[in-house]
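Structure file entry.txt (compact mmCIF, N, CA and C atoms) is printed below.
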# COMPACT_ATOMS: atom_id res chain seq x y z
N MET H 1 -3.69 4.50 -27.47
CA MET H 1 -2.38 4.20 -26.94
C MET H 1 -2.53 3.23 -25.78
N ASN H 2 -1.73 2.16 -25.78
CA ASN H 2 -1.77 1.18 -24.70
C ASN H 2 -0.97 1.68 -23.51
N LYS H 3 -1.50 1.40 -22.33
CA LYS H 3 -0.77 1.73 -21.11
C LYS H 3 0.34 0.70 -20.94
N PRO H 4 1.51 1.14 -20.44
CA PRO H 4 2.58 0.18 -20.20
C PRO H 4 2.18 -0.78 -19.08
N SER H 5 2.70 -1.98 -19.13
CA SER H 5 2.43 -2.95 -18.08
C SER H 5 3.01 -2.46 -16.77
N PRO H 6 2.32 -2.70 -15.67
CA PRO H 6 2.87 -2.29 -14.38
C PRO H 6 4.22 -2.96 -14.12
N SER H 7 5.13 -2.21 -13.51
CA SER H 7 6.44 -2.75 -13.16
C SER H 7 6.60 -2.90 -11.65
N LEU H 8 5.65 -2.34 -10.89
CA LEU H 8 5.74 -2.33 -9.44
C LEU H 8 4.40 -2.69 -8.83
N SER H 9 4.42 -3.63 -7.90
CA SER H 9 3.22 -3.96 -7.12
C SER H 9 3.41 -3.44 -5.71
N ILE H 10 2.39 -2.77 -5.20
CA ILE H 10 2.37 -2.32 -3.82
C ILE H 10 1.46 -3.27 -3.06
N ILE H 11 1.99 -3.91 -2.05
CA ILE H 11 1.20 -4.83 -1.22
C ILE H 11 0.92 -4.14 0.11
N ILE H 12 -0.37 -3.97 0.42
CA ILE H 12 -0.76 -3.30 1.65
C ILE H 12 -1.54 -4.29 2.51
N PRO H 13 -0.91 -4.86 3.54
CA PRO H 13 -1.62 -5.78 4.44
C PRO H 13 -2.43 -5.00 5.48
N VAL H 14 -3.66 -5.41 5.72
CA VAL H 14 -4.49 -4.76 6.74
C VAL H 14 -5.37 -5.79 7.45
N ARG H 15 -5.78 -5.43 8.64
CA ARG H 15 -6.91 -6.03 9.34
C ARG H 15 -7.47 -4.87 10.15
N ALA H 16 -8.71 -4.54 9.89
CA ALA H 16 -9.32 -3.38 10.53
C ALA H 16 -10.55 -3.78 11.32
N LYS H 17 -10.82 -3.06 12.40
CA LYS H 17 -12.04 -3.25 13.18
C LYS H 17 -13.16 -2.37 12.65
N SER H 18 -12.76 -1.30 11.95
CA SER H 18 -13.71 -0.34 11.40
C SER H 18 -13.15 0.19 10.08
N PRO H 19 -14.01 0.52 9.12
CA PRO H 19 -13.51 1.10 7.87
C PRO H 19 -12.74 2.40 8.11
N ASP H 20 -13.13 3.16 9.12
CA ASP H 20 -12.46 4.43 9.42
C ASP H 20 -11.03 4.26 9.91
N GLU H 21 -10.67 3.04 10.26
CA GLU H 21 -9.33 2.78 10.76
C GLU H 21 -8.26 3.03 9.70
N PHE H 22 -8.54 2.71 8.43
CA PHE H 22 -7.55 2.86 7.37
C PHE H 22 -8.01 3.69 6.18
N LEU H 23 -9.29 3.73 5.87
CA LEU H 23 -9.74 4.36 4.63
C LEU H 23 -9.33 5.82 4.49
N PRO H 24 -9.37 6.66 5.51
CA PRO H 24 -8.93 8.05 5.31
C PRO H 24 -7.47 8.15 4.89
N ARG H 25 -6.61 7.32 5.49
CA ARG H 25 -5.18 7.36 5.11
C ARG H 25 -4.97 6.76 3.72
N LEU H 26 -5.65 5.67 3.43
CA LEU H 26 -5.50 5.07 2.10
C LEU H 26 -6.02 6.00 1.01
N ALA H 27 -7.05 6.78 1.32
CA ALA H 27 -7.59 7.71 0.33
C ALA H 27 -6.59 8.80 -0.05
N LEU H 28 -5.64 9.11 0.84
CA LEU H 28 -4.62 10.10 0.51
C LEU H 28 -3.73 9.63 -0.64
N ARG H 29 -3.70 8.33 -0.90
CA ARG H 29 -2.91 7.81 -2.01
C ARG H 29 -3.50 8.21 -3.37
N ASP H 30 -4.73 8.72 -3.35
CA ASP H 30 -5.33 9.21 -4.58
C ASP H 30 -4.51 10.37 -5.15
N GLN H 31 -3.72 11.02 -4.30
CA GLN H 31 -2.88 12.13 -4.74
C GLN H 31 -1.57 11.65 -5.36
N CYS H 32 -1.27 10.37 -5.20
CA CYS H 32 -0.02 9.81 -5.72
C CYS H 32 -0.16 9.42 -7.18
N CYS H 33 0.91 9.60 -7.91
CA CYS H 33 0.97 9.10 -9.28
C CYS H 33 1.24 7.60 -9.20
N LEU H 34 0.26 6.82 -9.63
CA LEU H 34 0.39 5.36 -9.56
C LEU H 34 0.44 4.74 -10.96
N ASP H 35 0.91 5.50 -11.93
CA ASP H 35 1.09 4.96 -13.28
C ASP H 35 2.12 3.84 -13.24
N GLY H 36 1.80 2.72 -13.86
CA GLY H 36 2.73 1.59 -13.88
C GLY H 36 2.83 0.87 -12.55
N VAL H 37 1.80 1.06 -11.70
CA VAL H 37 1.79 0.46 -10.37
C VAL H 37 0.51 -0.34 -10.20
N THR H 38 0.63 -1.53 -9.63
CA THR H 38 -0.53 -2.32 -9.23
C THR H 38 -0.61 -2.27 -7.71
N THR H 39 -1.75 -1.84 -7.19
CA THR H 39 -1.93 -1.80 -5.74
C THR H 39 -2.77 -3.00 -5.32
N ILE H 40 -2.25 -3.76 -4.35
CA ILE H 40 -2.91 -4.97 -3.87
C ILE H 40 -3.15 -4.82 -2.37
N LEU H 41 -4.41 -4.73 -1.98
CA LEU H 41 -4.76 -4.66 -0.57
C LEU H 41 -5.10 -6.06 -0.09
N ILE H 42 -4.32 -6.57 0.86
CA ILE H 42 -4.56 -7.89 1.42
C ILE H 42 -5.24 -7.71 2.77
N ASP H 43 -6.48 -8.14 2.85
CA ASP H 43 -7.27 -8.05 4.07
C ASP H 43 -7.14 -9.37 4.81
N ASP H 44 -6.38 -9.34 5.90
CA ASP H 44 -6.12 -10.55 6.67
C ASP H 44 -7.13 -10.69 7.81
N GLY H 45 -8.41 -10.90 7.43
CA GLY H 45 -9.40 -11.27 8.41
C GLY H 45 -10.24 -10.18 9.05
N SER H 46 -10.45 -9.07 8.37
CA SER H 46 -11.33 -8.03 8.92
C SER H 46 -12.76 -8.56 9.02
N PRO H 47 -13.57 -8.00 9.94
CA PRO H 47 -14.98 -8.40 10.02
C PRO H 47 -15.69 -8.15 8.68
N LYS H 48 -16.78 -8.87 8.46
CA LYS H 48 -17.48 -8.83 7.17
C LYS H 48 -17.85 -7.42 6.72
N ASN H 49 -18.42 -6.60 7.59
CA ASN H 49 -18.81 -5.25 7.18
C ASN H 49 -17.60 -4.40 6.79
N VAL H 50 -16.49 -4.62 7.46
CA VAL H 50 -15.26 -3.88 7.15
C VAL H 50 -14.68 -4.39 5.83
N SER H 51 -14.64 -5.70 5.66
CA SER H 51 -14.09 -6.25 4.42
C SER H 51 -14.90 -5.79 3.22
N GLU H 52 -16.21 -5.68 3.37
CA GLU H 52 -17.05 -5.18 2.28
C GLU H 52 -16.70 -3.72 1.95
N ALA H 53 -16.48 -2.90 2.97
CA ALA H 53 -16.12 -1.49 2.75
C ALA H 53 -14.74 -1.38 2.09
N LEU H 54 -13.79 -2.21 2.54
CA LEU H 54 -12.46 -2.19 1.93
C LEU H 54 -12.51 -2.64 0.47
N ALA H 55 -13.29 -3.66 0.20
CA ALA H 55 -13.43 -4.15 -1.18
C ALA H 55 -14.03 -3.07 -2.08
N ALA H 56 -15.05 -2.38 -1.60
CA ALA H 56 -15.68 -1.31 -2.38
C ALA H 56 -14.70 -0.17 -2.62
N PHE H 57 -13.94 0.19 -1.61
CA PHE H 57 -12.92 1.24 -1.72
C PHE H 57 -11.92 0.88 -2.81
N CYS H 58 -11.43 -0.36 -2.80
CA CYS H 58 -10.45 -0.81 -3.78
C CYS H 58 -11.05 -0.83 -5.19
N GLU H 59 -12.28 -1.27 -5.30
CA GLU H 59 -12.91 -1.37 -6.62
C GLU H 59 -13.01 0.00 -7.28
N THR H 60 -13.34 1.04 -6.51
CA THR H 60 -13.47 2.38 -7.11
C THR H 60 -12.13 2.93 -7.59
N ARG H 61 -11.03 2.37 -7.11
CA ARG H 61 -9.70 2.86 -7.48
C ARG H 61 -8.97 1.93 -8.44
N GLY H 62 -9.56 0.80 -8.74
CA GLY H 62 -8.88 -0.15 -9.61
C GLY H 62 -7.80 -0.93 -8.89
N TRP H 63 -7.85 -0.95 -7.57
CA TRP H 63 -6.90 -1.74 -6.79
C TRP H 63 -7.40 -3.17 -6.71
N LEU H 64 -6.49 -4.09 -6.54
CA LEU H 64 -6.84 -5.48 -6.33
C LEU H 64 -7.09 -5.69 -4.84
N TYR H 65 -8.24 -6.25 -4.50
CA TYR H 65 -8.59 -6.55 -3.11
C TYR H 65 -8.61 -8.06 -2.93
N VAL H 66 -7.92 -8.54 -1.90
CA VAL H 66 -7.87 -9.97 -1.61
C VAL H 66 -8.22 -10.15 -0.14
N PHE H 67 -9.23 -10.98 0.12
CA PHE H 67 -9.62 -11.28 1.49
C PHE H 67 -9.10 -12.66 1.88
N GLU H 68 -8.39 -12.71 2.99
CA GLU H 68 -7.93 -13.98 3.56
C GLU H 68 -8.81 -14.24 4.79
N ASP H 69 -9.56 -15.33 4.76
CA ASP H 69 -10.48 -15.65 5.85
C ASP H 69 -9.69 -16.21 7.03
N SER H 70 -9.12 -15.31 7.81
CA SER H 70 -8.30 -15.68 8.97
C SER H 70 -8.86 -15.05 10.23
N ARG H 71 -10.15 -14.80 10.23
CA ARG H 71 -10.77 -14.12 11.38
C ARG H 71 -10.56 -14.87 12.69
N ASN H 72 -10.41 -16.17 12.63
CA ASN H 72 -10.21 -16.96 13.84
C ASN H 72 -8.75 -17.05 14.26
N LEU H 73 -7.86 -16.37 13.52
CA LEU H 73 -6.43 -16.35 13.82
C LEU H 73 -5.97 -14.93 14.10
N ALA H 74 -4.83 -14.78 14.73
CA ALA H 74 -4.24 -13.47 14.94
C ALA H 74 -3.80 -12.89 13.59
N PHE H 75 -3.85 -11.56 13.47
CA PHE H 75 -3.37 -10.90 12.25
C PHE H 75 -1.92 -11.32 12.01
N SER H 76 -1.59 -11.59 10.76
CA SER H 76 -0.23 -11.99 10.42
C SER H 76 0.25 -11.18 9.22
N LEU H 77 1.18 -10.27 9.49
CA LEU H 77 1.78 -9.48 8.42
C LEU H 77 2.48 -10.37 7.41
N SER H 78 3.18 -11.38 7.88
CA SER H 78 3.91 -12.25 6.96
C SER H 78 2.96 -13.08 6.10
N ARG H 79 1.84 -13.54 6.66
CA ARG H 79 0.87 -14.28 5.86
C ARG H 79 0.32 -13.38 4.75
N ALA H 80 -0.07 -12.16 5.12
CA ALA H 80 -0.61 -11.22 4.13
C ALA H 80 0.44 -10.87 3.08
N ARG H 81 1.67 -10.64 3.53
CA ARG H 81 2.76 -10.33 2.59
C ARG H 81 2.96 -11.45 1.59
N ASN H 82 2.98 -12.68 2.08
CA ASN H 82 3.21 -13.83 1.21
C ASN H 82 2.06 -14.01 0.21
N ILE H 83 0.84 -13.78 0.65
CA ILE H 83 -0.30 -13.86 -0.28
C ILE H 83 -0.13 -12.82 -1.38
N GLY H 84 0.20 -11.60 -1.00
CA GLY H 84 0.41 -10.55 -1.99
C GLY H 84 1.55 -10.85 -2.94
N ALA H 85 2.65 -11.36 -2.39
CA ALA H 85 3.81 -11.68 -3.23
C ALA H 85 3.47 -12.78 -4.23
N ASN H 86 2.63 -13.72 -3.84
CA ASN H 86 2.22 -14.78 -4.76
C ASN H 86 1.28 -14.28 -5.85
N ILE H 87 0.54 -13.24 -5.56
CA ILE H 87 -0.41 -12.68 -6.53
C ILE H 87 0.28 -11.70 -7.48
N ALA H 88 1.24 -10.95 -6.96
CA ALA H 88 1.90 -9.91 -7.75
C ALA H 88 2.51 -10.49 -9.02
N GLN H 89 2.35 -9.76 -10.10
CA GLN H 89 2.89 -10.21 -11.39
C GLN H 89 3.82 -9.17 -11.99
N THR H 90 4.48 -8.43 -11.13
CA THR H 90 5.39 -7.39 -11.58
C THR H 90 6.82 -7.75 -11.22
N GLU H 91 7.73 -7.02 -11.82
CA GLU H 91 9.15 -7.25 -11.56
C GLU H 91 9.51 -6.89 -10.12
N TRP H 92 8.89 -5.84 -9.60
CA TRP H 92 9.23 -5.32 -8.27
C TRP H 92 8.02 -5.37 -7.36
N ILE H 93 8.27 -5.65 -6.06
CA ILE H 93 7.22 -5.68 -5.04
C ILE H 93 7.62 -4.73 -3.92
N PHE H 94 6.67 -3.88 -3.54
CA PHE H 94 6.89 -2.93 -2.45
C PHE H 94 5.94 -3.30 -1.32
N LEU H 95 6.50 -3.77 -0.20
CA LEU H 95 5.67 -4.08 0.96
C LEU H 95 5.38 -2.78 1.69
N ASP H 96 4.12 -2.45 1.80
CA ASP H 96 3.69 -1.15 2.29
C ASP H 96 3.05 -1.28 3.67
N ASP H 97 2.78 -0.16 4.26
CA ASP H 97 2.10 -0.05 5.55
C ASP H 97 0.99 0.97 5.36
N ALA H 98 -0.22 0.61 5.70
CA ALA H 98 -1.37 1.50 5.49
C ALA H 98 -1.25 2.80 6.28
N ASP H 99 -0.38 2.84 7.27
CA ASP H 99 -0.20 4.04 8.07
C ASP H 99 0.75 5.06 7.46
N ILE H 100 1.41 4.71 6.37
CA ILE H 100 2.41 5.59 5.79
C ILE H 100 1.76 6.48 4.72
N LEU H 101 2.15 7.76 4.74
CA LEU H 101 1.67 8.72 3.75
C LEU H 101 2.83 9.07 2.83
N TYR H 102 2.52 9.33 1.56
CA TYR H 102 3.56 9.57 0.58
C TYR H 102 3.32 10.88 -0.16
N SER H 103 4.42 11.46 -0.66
CA SER H 103 4.29 12.61 -1.55
C SER H 103 3.71 12.11 -2.87
N ALA H 104 3.17 13.02 -3.65
CA ALA H 104 2.52 12.66 -4.92
C ALA H 104 3.47 11.94 -5.87
N THR H 105 4.75 12.24 -5.80
CA THR H 105 5.72 11.68 -6.75
C THR H 105 6.52 10.51 -6.18
N PHE H 106 6.22 10.08 -4.97
CA PHE H 106 7.04 9.04 -4.33
C PHE H 106 7.19 7.79 -5.20
N PHE H 107 6.08 7.24 -5.68
CA PHE H 107 6.16 5.97 -6.41
C PHE H 107 6.81 6.16 -7.78
N SER H 108 6.63 7.30 -8.41
CA SER H 108 7.32 7.58 -9.67
C SER H 108 8.83 7.64 -9.43
N ARG H 109 9.22 8.30 -8.37
CA ARG H 109 10.65 8.40 -8.04
C ARG H 109 11.21 7.04 -7.65
N LEU H 110 10.43 6.24 -6.94
CA LEU H 110 10.87 4.89 -6.58
C LEU H 110 11.12 4.06 -7.83
N LYS H 111 10.23 4.16 -8.80
CA LYS H 111 10.41 3.39 -10.05
C LYS H 111 11.67 3.82 -10.78
N VAL H 112 12.03 5.09 -10.71
CA VAL H 112 13.28 5.55 -11.32
C VAL H 112 14.46 4.89 -10.61
N GLU H 113 14.44 4.88 -9.29
CA GLU H 113 15.52 4.22 -8.53
C GLU H 113 15.61 2.75 -8.89
N LEU H 114 14.48 2.09 -9.00
CA LEU H 114 14.49 0.67 -9.35
C LEU H 114 15.07 0.44 -10.75
N SER H 115 14.83 1.37 -11.65
CA SER H 115 15.34 1.20 -13.01
C SER H 115 16.87 1.30 -13.06
N HIS H 116 17.49 1.86 -12.04
CA HIS H 116 18.95 1.98 -11.99
C HIS H 116 19.60 0.88 -11.14
N LEU H 117 18.79 0.05 -10.54
CA LEU H 117 19.31 -0.95 -9.62
C LEU H 117 20.21 -1.98 -10.31
N HIS H 118 19.97 -2.21 -11.60
CA HIS H 118 20.80 -3.19 -12.32
C HIS H 118 22.26 -2.78 -12.37
N ARG H 119 22.55 -1.49 -12.11
CA ARG H 119 23.93 -1.00 -12.12
C ARG H 119 24.63 -1.21 -10.78
N THR H 120 23.92 -1.76 -9.81
CA THR H 120 24.48 -1.95 -8.48
C THR H 120 24.51 -3.44 -8.15
N PRO H 121 25.21 -3.81 -7.08
CA PRO H 121 25.20 -5.21 -6.67
C PRO H 121 23.95 -5.57 -5.84
N LEU H 122 23.03 -4.62 -5.68
CA LEU H 122 21.86 -4.81 -4.82
C LEU H 122 20.64 -5.29 -5.60
N SER H 123 19.74 -5.94 -4.90
CA SER H 123 18.48 -6.36 -5.52
C SER H 123 17.29 -5.83 -4.73
N PHE H 124 17.52 -4.76 -3.97
CA PHE H 124 16.45 -4.18 -3.17
C PHE H 124 16.76 -2.70 -2.91
N VAL H 125 15.73 -1.99 -2.48
CA VAL H 125 15.86 -0.60 -2.06
C VAL H 125 15.27 -0.52 -0.66
N SER H 126 15.96 0.14 0.23
CA SER H 126 15.45 0.35 1.58
C SER H 126 14.95 1.78 1.69
N VAL H 127 13.72 1.93 2.17
CA VAL H 127 13.10 3.25 2.28
C VAL H 127 12.91 3.57 3.75
N PRO H 128 13.59 4.58 4.26
CA PRO H 128 13.41 4.93 5.67
C PRO H 128 12.02 5.52 5.92
N VAL H 129 11.51 5.27 7.11
CA VAL H 129 10.16 5.71 7.46
C VAL H 129 10.19 6.36 8.84
N VAL H 130 9.41 7.42 9.01
CA VAL H 130 9.23 8.05 10.31
C VAL H 130 7.75 8.01 10.62
N TYR H 131 7.39 7.46 11.78
CA TYR H 131 5.99 7.44 12.20
C TYR H 131 5.72 8.67 13.05
N LEU H 132 4.59 9.30 12.79
CA LEU H 132 4.23 10.53 13.48
C LEU H 132 3.42 10.26 14.74
N THR H 133 3.39 11.25 15.60
CA THR H 133 2.51 11.17 16.76
C THR H 133 1.06 11.24 16.29
N GLN H 134 0.14 10.89 17.16
CA GLN H 134 -1.28 10.98 16.79
C GLN H 134 -1.66 12.41 16.41
N ARG H 135 -1.13 13.37 17.14
CA ARG H 135 -1.45 14.79 16.86
C ARG H 135 -0.95 15.20 15.46
N ALA H 136 0.29 14.86 15.15
CA ALA H 136 0.84 15.21 13.84
C ALA H 136 0.09 14.49 12.72
N SER H 137 -0.26 13.24 12.96
CA SER H 137 -1.03 12.49 11.96
C SER H 137 -2.39 13.15 11.73
N ALA H 138 -3.04 13.56 12.80
CA ALA H 138 -4.34 14.21 12.68
C ALA H 138 -4.24 15.50 11.89
N GLN H 139 -3.17 16.26 12.09
CA GLN H 139 -2.98 17.50 11.33
C GLN H 139 -2.83 17.22 9.84
N ILE H 140 -2.08 16.19 9.50
CA ILE H 140 -1.90 15.85 8.08
C ILE H 140 -3.21 15.36 7.48
N LEU H 141 -3.91 14.50 8.20
CA LEU H 141 -5.18 13.98 7.68
C LEU H 141 -6.21 15.08 7.51
N THR H 142 -6.18 16.07 8.38
CA THR H 142 -7.11 17.19 8.29
C THR H 142 -6.78 18.07 7.10
N SER H 143 -5.49 18.27 6.84
CA SER H 143 -5.11 19.13 5.72
C SER H 143 -5.20 18.42 4.39
N SER H 144 -5.13 17.08 4.40
CA SER H 144 -5.16 16.26 3.18
C SER H 144 -4.05 16.63 2.20
N ILE H 145 -2.98 17.20 2.70
CA ILE H 145 -1.87 17.57 1.84
C ILE H 145 -0.60 16.91 2.37
N VAL H 146 0.11 16.24 1.48
CA VAL H 146 1.40 15.67 1.82
C VAL H 146 2.42 16.41 0.98
N GLU H 147 3.27 17.19 1.63
CA GLU H 147 4.25 18.02 0.94
C GLU H 147 5.36 17.16 0.34
N GLU H 148 5.98 17.68 -0.71
CA GLU H 148 7.13 17.00 -1.33
C GLU H 148 8.31 17.06 -0.40
What do you get writing this file as structure tokens?
Amino acid sequence: MNKPSPSLSIIIPVRAKSPDEFLPRLALRDQCCLDGVTTILIDDGSPKNVSEALAAFCETRGWLYVFEDSRNLAFSLSRARNIGANIAQTEWIFLDDADILYSATFFSRLKVELSHLHRTPLSFVSVPVVYLTQRASAQILTSSIVEE
């Protein structure tokens, strides 16, 4: 049986000083259902050892890793976003933040919402986000569980 073509690309822009800066949070996405989703990690100028770790992390998950050699420039979310948008080959693009954690069904539910968008005058979905304190984030990362 052939897998359906992805309909959603997730673009995750990063620049890290250490692999530990993002990898634990990104690893929590292993709990998410990513069927029909292409994940694209855009590395906007991380140091060589970090970019190698990020590339290896992506390879083990089947994510697309793209390195932009911008080490001599300030990190640019818009540059990384535009690179990802140019690479994405899906109908929908979700600009993500490596600091955000999701329930296991978030992306499946998002794809359902997107499938109904043609019935509205809108061409986008806005997803509210709440950022946690360092303490609350540490508790979630320690438990490795993101509740529905």
Problem set entry | One-decimal distance in Å that lies between CA of Leu54 (chain H) and CA of Ala16 (chain H) | 9.2 Å
Exercise. Which residues come within 6.5 Å of Cys32 (chain H), counting only N, CA and C atoms, excluding same-chain residues fewer than 6 positions away, as an MDAnalysis selection string?
Worked result: chainID H and resid 103:106
For this session: Going by DSSP on the backbone, which bits of chain H are alpha helix (DSSP H)? Write them as a PyMOL selection string, please.
Result: chain H and resi 23-27+48-61+77-87+106-115+134-143
Problem set entry | Ser78 (chain H) surroundings by only C-alpha atoms, 10 Å radius, close-in-sequence under 5 positions cut, as a ChimeraX atom specification | /H:13,83-84
For this session: Between CA of Gln31 (chain H) and atom N of Ile100 (chain H), measure the distance and give it in Å to one decimal.
Result: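 Between CA of Gln31 (chain H) and atom N of Ile100 (chain H) the gap is 14.0 Å.
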For this session: Measure the distance from atom N of Glu68 (chain H) to atom N of Ile12 (chain H) in Å and round it to one decimal.
Result: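 Between atom N of Glu68 (chain H) and atom N of Ile12 (chain H) the gap works out to 12.1 Å.
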For this session: May I have all residues of chain H that DSSP, computed from the backbone, assigns to strand (DSSP E or B), given as a PyMOL selection string?
Result: chain H and resi 8-14+37-44+64-68+92-95
For this session: Can you work out which one of H:Ala55, H:Arg81, H:Arg135, H:Leu141 has the shortest atom-to-atom distance to Pro24 (chain H), counting only N, CA and C atoms?
Result: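 Among the listed residues, the smallest separation from Pro24 (chain H) belongs to H:Leu141.
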Exercise. Leaving out Arg15 (chain H) and any residue of its chain fewer than 5 positions from it, which residues lie within 6 Å of it when counting all atoms listed in the file, given as a PyMOL selection string?
Worked result: chain H and resi 43-46
Problem set entry | Nearest to Val66 (chain H), chosen from H:Val50, H:Ile87, H:Ala138, H:Ile42, with only N, CA and C atoms counted in the distances |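 Using only N, CA and C atoms, the shortest distance to Val66 (chain H) belongs to H:Ile42.
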Exercise. Which polymer residues have any atom within 8 Å of an atom of region 107-117 of chain H, counting all atoms listed in the file, with same-chain residues fewer than 4 positions away left out, as an MDAnalysis selection string?
Worked result: chainID H and resid 7:8 32:35 102:103 121:125
Exercise. Need the neighbours of (5.6, -2.8, 3.1): which residues are at most 10 Å away, counting only C-alpha atoms, as an MDAnalysis selection string?
Worked result: chainID H and resid 10:13 77 81 93:98 100 127
Complete region 24-36 of chain H with N, CA, C and O atoms (output as a tab-separated table (two decimals), in the frame of the given file).
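Wrote it out as result-v1.tsv, contents follow:
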chain	number	residue	atom	x	y	z
H	24	PRO	N	-9.37	6.66	5.51
H	24	PRO	CA	-8.93	8.05	5.31
H	24	PRO	C	-7.47	8.15	4.89
H	24	PRO	O	-7.12	8.95	4.02
H	25	ARG	N	-6.61	7.32	5.49
H	25	ARG	CA	-5.18	7.36	5.11
H	25	ARG	C	-4.97	6.76	3.72
H	25	ARG	O	-4.19	7.28	2.92
H	26	LEU	N	-5.65	5.67	3.43
H	26	LEU	CA	-5.50	5.07	2.10
H	26	LEU	C	-6.02	6.00	1.01
H	26	LEU	O	-5.47	6.03	-0.09
H	27	ALA	N	-7.05	6.78	1.32
H	27	ALA	CA	-7.59	7.71	0.33
H	27	ALA	C	-6.59	8.80	-0.05
H	27	ALA	O	-6.65	9.34	-1.16
H	28	LEU	N	-5.64	9.11	0.84
H	28	LEU	CA	-4.62	10.10	0.51
H	28	LEU	C	-3.73	9.63	-0.64
H	28	LEU	O	-3.09	10.43	-1.31
H	29	ARG	N	-3.70	8.33	-0.90
H	29	ARG	CA	-2.91	7.81	-2.01
H	29	ARG	C	-3.50	8.21	-3.37
H	29	ARG	O	-2.85	8.05	-4.39
H	30	ASP	N	-4.73	8.72	-3.35
H	30	ASP	CA	-5.33	9.21	-4.58
H	30	ASP	C	-4.51	10.37	-5.15
H	30	ASP	O	-4.58	10.66	-6.34
H	31	GLN	N	-3.72	11.02	-4.30
H	31	GLN	CA	-2.88	12.13	-4.74
H	31	GLN	C	-1.57	11.65	-5.36
H	31	GLN	O	-0.85	12.43	-5.96
H	32	CYS	N	-1.27	10.37	-5.20
H	32	CYS	CA	-0.02	9.81	-5.72
H	32	CYS	C	-0.16	9.42	-7.18
H	32	CYS	O	-1.21	8.94	-7.60
H	33	CYS	N	0.91	9.60	-7.91
H	33	CYS	CA	0.97	9.10	-9.28
H	33	CYS	C	1.24	7.60	-9.20
H	33	CYS	O	2.30	7.19	-8.74
H	34	LEU	N	0.26	6.82	-9.63
H	34	LEU	CA	0.39	5.36	-9.56
H	34	LEU	C	0.44	4.74	-10.96
H	34	LEU	O	0.10	3.57	-11.13
H	35	ASP	N	0.91	5.50	-11.93
H	35	ASP	CA	1.09	4.96	-13.28
H	35	ASP	C	2.12	3.84	-13.24
H	35	ASP	O	3.19	3.99	-12.65
H	36	GLY	N	1.80	2.72	-13.86
H	36	GLY	CA	2.73	1.59	-13.88
H	36	GLY	C	2.83	0.87	-12.55
H	36	GLY	O	3.79	0.17	-12.29
